[in-house]
Structure formats: C-alpha cells, structure tokens
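Everything below concerns the one structure shown next.
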Amino acid sequence: MLEFKDVCFNYGNGVPVLEHINIRIGPGEFIGLGGRNGCGKTTVTRLLMGLEKPVSGEILHDGKVINDDDASARSHYIGYVFQRPERQMFRSTVEDEVAYGPQQLGMSRDETAAAVAEALAMTGLSHLAKAYPPNLNRGEKQRVAIASAIAMHTSCIILDEPTSGQDSADKKMLMELLTDLNKKGMTILIISHDMDIFAQYCQRVIVIGNHTKAFDGTPQELFTQREDLYDLGLSRPESVALSMAVPGMKYCRSMKEFTEEMLRRIGGNR
C-alpha cells in the first residue's frame, strides 16, 4: 500500500504545484494518472519515488512514513520507467543492465543470474540479452526498464507516457505485458495522455487538476459521467463516444468491443 496524506509540494518559489493531495494505491491495482500538461502528474510520481520531497503531508508505504527515504531505498519496491528509458541505462548489454538492480540488493551471482533470466523471459527479451541497449528501439528499451524492475522483485511499476512514439504493434505488446504483470499481482501506475489506454486497460483513473486530485474512480465513471473532460485536459475515447451515441448500447472500452457489439446487434436484428 502506497499512500499520500494531505501532501503539498512546490519547487521552492512558493507557487503551489500540488495542494492537499490524498491518494491510496492498493496492491495489484492498474491505475491511469491523467491531467493537463504541467498539472503535476509527473510530480506525483517523483514524490512516490523519492525524487522529490513533500513540503508538507506524509507519504507512506505499508503504513510507514517514508518522506525521508531516498529513491534508492524505494527502488526495492517501486520501479520507474522514464518517458525516455535510455536515460536510465548505462551498461553495455541488456543482461548487464537488468542485473544492476539485483546486484545492488546484494543478491548472489546465481540469484542474480536467475532473476535476470526470469525477467528477460517475462518481457520477451531473452534473445536480446547480449544486445547494446542504445541500439534497441523504443519499445524494447522500455521492456528493458521493466525487466530491470522485475529482476528486483518490485511490487509496483510506474511508467511515464509509455506508449508515446510507438506504433500500434509495440503499444499492444507493451500493454499486454503490463496486463500480464498486473494479473500476477504487480501494481501498475501509468501516466498518459492516451485515453484509449485508460478506457481499455486501467481499473481506476486518477486525474490531477487545479493542483489537487480532481477525479478518482473507474474509467467508465470518468468518461460517461464527467462533463468537464476538456477542462481537465482529457477527451472521451472514440469507442466510448460511439457507444454512448447508440441507444441502449453498453459501455465499450475499445473499438474492438464496439465493433463486436454492433455486429451482435445487427445479427440479432436479422
């Protein structure tokens, strides 16, 4: 369990970035974090990681206040995948990169080798173990960063705009990987402007607006009940908009669901 209790933050100039934020993140959740550019989404995750410290309020992990714990301490249970994952890579091969975390945790050589092999297999990177990380494409680099978190046996992964700049095939591969990890019990928190991801994959969406938490609920509640999506820097996914426009149609999380529902209706009307 990760929790913000009445957290406030600014960058030392007195201008508030976040004010009185209260958030609880439970084990095994799949959460989307959204809002306008500059609203404080990334700041929330930097506070979670220990890259920033709150001005006031408390951040807790399993009930323990961790305000003073730095990023290295929190990396034991939180993995972070930056928007440009190559910035967090510095070793000459993929397997060496993934091995860095377990080595810092003090795992033995055999334990590290086993953790790396498992993480590479889970992320579909075994065939790239000897590859030079900068030569990989963006989707592969993100999977290396995810594998690094898996190898450390972290319970939560935070990803910053993981699908930006990716084609549909890479995006689908990444989201299927994250869904599989979530089914195995890992907590996933995604910062994104891609509303299709929120609708199709997330169980819960948190929206930051006006320096605080503006929404916290299911994607269906967000996209069908809120009339201020534009003000929050969001939009209604096409699948949701179309399903809402058809009388009596169920909420559709994706265009695939919408198409299947339309075909079912057409077939049933013959």
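Note on naming: chains are A, B, ... as they come in the structure tokens, residues start from 1 per chain, ligands start from 1 in the order shown.
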
*Would you mind listing what lies within 10 Å of range 97-104 of chain A as a VMD selection string, with only C-alpha atoms counted and same-chain residues fewer than 3 positions away left out?*
chain A and resid 72 75 to 76 88 to 94 107 to 109 111 to 117 119 to 120 129 132 to 133 144 to 153

*asked:* Could you pull out the alpha helix (DSSP H) residues of range 65-262 of chain A, going by DSSP on the backbone, and write them as a VMD selection string?
replied: chain A and resid 71 to 74 94 to 104 109 to 122 138 to 151 168 to 183 195 to 201 219 to 225 238 to 245 255 to 262

*asked:* Applying 10 Å and only C-alpha atoms, which residues near range 165-167 of chain A remain after dropping the ones on its own chain fewer than 5 positions away? List them as JSON, numbers by chain.
replied: {"A": [137, 138, 139, 172, 174]}

Closest contacts (range 184-227 of chain A/range 32-49 of chain A, max 9 Å, only C-alpha atoms) as a tab-separated table:
residue	atom	partner	partner_atom	distance
A:Ile188	CA	A:Gly32	CA	8.4
A:Leu189	CA	A:Gly32	CA	5.8
A:Ile190	CA	A:Gly32	CA	4.9
A:Ile191	CA	A:Leu33	CA	4.7
A:Ser192	CA	A:Gly34	CA	5.9
A:His193	CA	A:Gly34	CA	6.5
A:Asp194	CA	A:Gly34	CA	8.9
A:Met195	CA	A:Gly34	CA	8.7
A:Ile197	CA	A:Gly32	CA	8.0
A:Phe198	CA	A:Gly32	CA	5.8
A:Tyr201	CA	A:Gly32	CA	8.7
A:Cys202	CA	A:Gly32	CA	5.9
A:Gln203	CA	A:Gly32	CA	8.0
A:Arg204	CA	A:Gly32	CA	6.4
A:Val205	CA	A:Gly32	CA	4.6
A:Ile206	CA	A:Leu33	CA	4.9
A:Val207	CA	A:Gly34	CA	4.7
A:Ile208	CA	A:Gly35	CA	5.2
A:Gly209	CA	A:Cys39	CA	6.0
A:Asn210	CA	A:Cys39	CA	7.2
A:His211	CA	A:Cys39	CA	6.5
A:Thr212	CA	A:Gly40	CA	8.5
A:Ala214	CA	A:Gly35	CA	8.9
A:Pro219	CA	A:Gly32	CA	8.8

Just the selected residues (C-alpha atoms), exported as a PDB file, in the first residue's frame, please.
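As a result, result28.pdb now contains:
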ATOM      1  CA  ILE A 188       0.852  -0.677 -12.397  1.00  0.00           C
ATOM      2  CA  LEU A 189       0.639   3.137 -12.489  1.00  0.00           C
ATOM      3  CA  ILE A 190       0.694   4.773 -15.932  1.00  0.00           C
ATOM      4  CA  ILE A 191       0.985   8.487 -16.713  1.00  0.00           C
ATOM      5  CA  SER A 192      -0.602   9.002 -20.109  1.00  0.00           C
ATOM      6  CA  HIS A 193      -2.473  11.305 -22.455  1.00  0.00           C
ATOM      7  CA  ASP A 194      -3.782   8.246 -24.298  1.00  0.00           C
ATOM      8  CA  MET A 195      -7.397   7.928 -23.216  1.00  0.00           C
ATOM      9  CA  ILE A 197      -5.293   3.099 -22.574  1.00  0.00           C
ATOM     10  CA  PHE A 198      -7.319   4.383 -19.639  1.00  0.00           C
ATOM     11  CA  TYR A 201      -6.689  -1.364 -19.601  1.00  0.00           C
ATOM     12  CA  CYS A 202      -6.991   0.625 -16.376  1.00  0.00           C
ATOM     13  CA  GLN A 203      -9.184  -0.380 -13.467  1.00  0.00           C
ATOM     14  CA  ARG A 204      -9.003   3.089 -11.954  1.00  0.00           C
ATOM     15  CA  VAL A 205      -8.098   6.593 -13.131  1.00  0.00           C
ATOM     16  CA  ILE A 206      -6.763   9.453 -11.025  1.00  0.00           C
ATOM     17  CA  VAL A 207      -6.872  12.928 -12.568  1.00  0.00           C
ATOM     18  CA  ILE A 208      -4.860  15.891 -11.316  1.00  0.00           C
ATOM     19  CA  GLY A 209      -6.380  19.347 -11.814  1.00  0.00           C
ATOM     20  CA  ASN A 210      -6.159  22.731 -10.072  1.00  0.00           C
ATOM     21  CA  HIS A 211      -3.181  21.500  -8.022  1.00  0.00           C
ATOM     22  CA  THR A 212      -5.116  18.661  -6.430  1.00  0.00           C
ATOM     23  CA  ALA A 214      -9.841  16.288  -9.413  1.00  0.00           C
ATOM     24  CA  PRO A 219     -12.723   4.811 -16.388  1.00  0.00           C
TER      25      PRO A 219
END

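Among A:Lys184, A:Lys256, A:Lys53, A:Lys171, the residue with the shortest atom-to-atom distance to Asp68 in chain A, counting only C-alpha atoms, is A:Lys53.
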